[in-house]
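Single-structure report; data block below.
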Amino acid sequence: MSRIIRRSLQTLAGLAALGLLAAGGLAVSYIVLAPGLPSVEAVRNVELQVPLRVYTTDGELIDEFGEMRRTPVTLAAVPTSLQQAFIAAEDQRFRQHPGVDYQGLARAVWYLVRTGEKGPGGSTITMQLARNLFLSSERTYLRKLREILLALRIERQFEKDKILELYLNKIYLGQRAYGVAAAAEVYYGRPLAELTLAQQAMIAGLPKAPSAWNPLADPERALQRRAYVLGRMLDSGFIDEASYQQAMAAPVTAERHRRRRSVDAPFIAEMARAWAVGRFGAEAAYTSGYEIYTTISAERQRQARDALRRGLHGYDERHGYRGPLAQLDPARLEGGRGALTERLSDFNRPGDLEVAVVTAIAERSATLVTADGSTLELDWQGMEWARPQLGRNAMGPRPEQAADILVAGDVVYLRRSDGGWRLAQTPEPQAGLVALDPDDGRIEALVGGYDFTLSKFNRVTQAARQPGSAFKPLIYSAALADGFTPATQVNDAPVVFEDASLEDVWRPENYSGRVFGPTRLREALTYSRNLVSIRLLRQVGVRTAIDHIERFGIPGDRLPPNLSLALGAAEVTPLELARAYAVFANGGYRVTPYYIERAVDGDGSVVYESWPSRAVAADAIEPAEPGPEGPRRPAARPAERAISAENAWLMRSMLQNVIQEGTARSARALGRSDLGGKTGTTNEQRDAWFSGFNGDLVVTAWVGFDELQTLGRYETGGRAALPIWADFMQAALDGRPESEWPRPDGLVTVRIDPDSGQLAGADTPDAIFETFRESNLPSGDASAESSHGEGGGASGGQPIF
């Protein structure tokens with residue numbers, strides 16, 4: 001007994017001496033190291049690195065950018081059981097110690113004395129926070145001393161709840177997730193409040209080895225770690241036996257989740273990212289928690305994406321089937337579904353396409369297995385289009401049975417269509433679509449291509465292409481400004497020009513190859529008569545027309561100074577053309593397209609807010625409201641007028657005729673009378689366009705190849721681009737009333753002779769109504785009926801040859 005007492009006293013004396021040495025060493029260390037430690041103010045002002053996030057105008061997430069995935073939360077938003085899980089696993093005496101757990105530290109030192117190796121224990125939550133905030137992860141005694149001293153400093157200045165909140169937001173938990181909210185999203189795809197006890201324990205077990213032991217990298221080690229956390233929670237009295245047993249029995253449910261992105265708008269996300277980097281700098285943009293709210297409407301963005309993809313698949317089906325992606329060995333089909341799905345996972349899935357392998361063929365149907373192991377039936381209606389493609393303008397015979405198209409082992413793409421499956425392929429051409437509000441230029445939808453993962457080139461903002469006849473309305477507007485009227489006649493007849501800038505001799509033709517003689521401008525635009533447009537531009541003057549077109553926002557140096565301008569030889573982007581058409585839709589004002597509505601910093605303060613120009617007169621802008629720091633700026637600025645209200649009204653009327661009677665009459669299927677627009681097709685069908693509007697939206701759609709090549713015979717703007725535009729507009733305008741455009745003062749509507757463009761007499765057969773400026777009525781029977789309305793034109797109805 002005396003021997004036991006003597007050894008106990010020796011041990012106590014040794015520990016006391018060790019404690020005195022440790023205390024003395026700590027005091028000396030503090031004197032030496034304290035000047036190099038971060039100040040309390042630095043701790044107080046610590047900024048968590050939060051990624052840049054981009055949202056729609058209605059608050060739906062589009063994308064996020066940054067190496068660290070973090071969503072800061074208050075401690076109140078963290079379930080109590082999750083807080084307890086971390087305390088049980090990492091620091092059971094967190095609420096009692098002053099930042100350093102001397103009992104745990106003593107155990108760690110004693111382990112080192114006995115074994116000569118670093119052992120477990122001693123690192124509190126506060127010490128881990130200190131390390132994560134300011135210190136490196138190197139394993140040295142000097143760093144450990146700095147960690148201890150900084151932890152003591154943090155504990156003196158902050159309450160325990162604040163320390164725990166910082167820790168739960170800062171700690172790295174694997175898979176680029178920093179903080180518990182990000183970990184819940186990454187591993188379980190759900191918010192913290194929806195996590196089960198088993199999932200909470202899994203996350204709380206991650207700080208030990210977040211990269212190696214997380215449930216995605218090593219499920220077995222993660223299960224062991226979860227069991228450890230649950231056991232500690234049970235021992236600490238945080239959970240009862242029943243909860244412990246239930247959580248222990250729960251399976252591993254972790255899967256890799258991306259942050260929930262409910263809107264597919266990667267092109268606008270990239271535009272917003274570049275804007276943020278340009279404004280805030282790369283480092284701040286990616287780490288300071290900025291939230292960028294775009295002008296994009298979530299609903300209209302989905303409608304635009306779907307319309308563009310359907311339109312491209314429609315084009316692709318018109319040009320034949322190019323065959324399967326690959327052919328699997330028939331023996332592999334017998335190797336089990338797991339082998340098939342593993343092989344299918346190697347194939348990309350662009351757009352909304354599903355990859356599948358044909359496993360059986362019937363007379364007019366096929367059975368396929370998808371990459372997720374599902375079995376589906378492809379019926380004849382979903383594959384009968386698949387004539388073999390022989391070239392851009394040639395296809396093989398129509399199939400009569402499924403075996404003419406598919407064989408067992410074919411790996412193919414499928415897409416959903418009207419509730420069923422349809423054989424598909426990645427479309428060969430590309431497309432772009434942009435929709436903006438004509439009143440202020442806010443972009444409500446933008447799709448820069450079929451799939452961002454295949455090509456990040458933004459066709460809406462970066463692809464400057466010739467618009468063909470879609471450019472003609474700008475020429476006609478210039479003519480109206482120069483005194484022409486919708487009734488002015490221009491001879492639709494062959495022309496030959498000798499011009500060095502136009503390859504010496506130029507013999508333009510109408511698309512149909514026919515000529516129609518004297519033609520009223522309204523009729524010429526309705527049916528897109530090339531020869532009339534050329535003669536009209538020559539009469540107006542190229543320089544005069546360019547000066548006029550520049551007022552629409554298109555730079556003059558992009559406009560060829562010759563008569564090819566009449567046929568759309570200029571190069572514009574879809575966004576630029578949409579901006580130009582907005583002038584017609586809003587009554588003659590030039591607005592500037594914009595896509596950033598506001599930017600909010602990590603503290604929730606608005607650091608940028610758009611200030612658009614609006615298509616109204618200056619006296620119609622609501623005055624600035626008073627604010628605490630003086631008058632606030634008005635919500636918008638008055639836009640500059642580009643063309644007269646009379647000119648805009650007449651052009652709208654003429655462009656409505658294009659849809660009601662002309663090259664875009666297939667859009668009449670929308671059943672609306674407030675739509676106007678113009679088709680555009682370039683030489684050899686290299687580009688197909690449609691740009692159109694009503695009072696709510698201006699939309700431009702373009703289809704073509706990135707490298708100039710023909711889309712194929714008959715692939716005009718009306719066939720390739722207009723269906724995309726109409727598909728989108730049908731969805732976007734569903735349930736919305738038709739637009740009304742009040743006619744400006746100074747316009748009159750009169751009866752005219754359709755053959756001459758002159759005023760019609762009471763007995764003129766087939767007379768029609770046309771609108772003119774009061775000061776510019778055509779000559780003819782002065783007793784003709786008239787009513788105030790829209791129109792004008794110094795040239796009246798006189799023909800120009």
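Ligands are numbered from 1 in the order shown, residues from 1 within each chain, and chains are lettered A, B, ... in the order they appear in the structure tokens.
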Test item: residues at most 8 Å from Arg652 (chain A), only C-alpha atoms, excluding those fewer than 3 positions along its chain, as a list in words
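So, after excluding close chain neighbours, the residues are Phe584, Ala585, Ala648, Trp649, Leu655, Gln656 and Gly676 of chain A.
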Identify all residues of region 651-758 of chain A in helix (DSSP H, G or I) (DSSP on the backbone) and supply them as a ChimeraX atom specification.
/A:651-660,665-670,683-685,717-732
Quick one: pull the distance between CA of Ala89 (chain A) and CA of Arg232 (chain A), Å, one decimal.
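One can read the CA of Ala89 (chain A) to CA of Arg232 (chain A) distance as 6.4 Å.
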I want to know what sits within 12 Å of Lys162 (chain A), based on only C-alpha atoms, with residues of the same chain fewer than 2 positions away left out; could you give that as a PyMOL selection string?
chain A and resi 43-44+73-76+125-126+129+154-160+164-169
Closest to Trp421 (chain A) among A:Asp346, A:Leu390, A:Leu149, A:Leu368, using only C-alpha atoms?
A:Leu368
DSSP strand (DSSP E) selection over region 254-428 of chain A, as a ChimeraX atom specification
/A:291-294,326-327,354-361,365-370,375-379,389-391,394-395,410-417,420-424
Neighbouring residues of region 698-709 of chain A were defined as those with any atom within 8 Å, considering only C-alpha atoms; residues of the same chain fewer than 6 positions away were excluded. Please report them as number ranges by chain.
A: 428-438, 574-575, 577-579, 581-582, 585, 686-692, 720-722, 724-725
Two-atom distance - CA of Phe94 (chain A), CA of Thr124 (chain A) (Å):
7.0 Å
When distances are computed from only C-alpha atoms, which of A:Val369, A:Ala88, A:Leu711, A:Val583 shows the smallest separation from Glu684 (chain A)?
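For Glu684 (chain A), the nearest of the candidates is A:Leu711.
Counting only C-alpha atoms and comparing A:Ala307, A:Ala371, A:Ala726, A:Leu474, the residue that lies closest to Gly449 (chain A) is A:Ala307.
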Would you list the contacts of region 415-418 of chain A as JSON, numbers by chain, taking every protein, DNA or RNA residue within 10 Å and counting only C-alpha atoms, but skipping same-chain residues closer than 2 positions in sequence?
{"A": [310, 313, 351, 352, 353, 354, 355, 382, 413, 420, 421, 422, 423, 424, 425]}
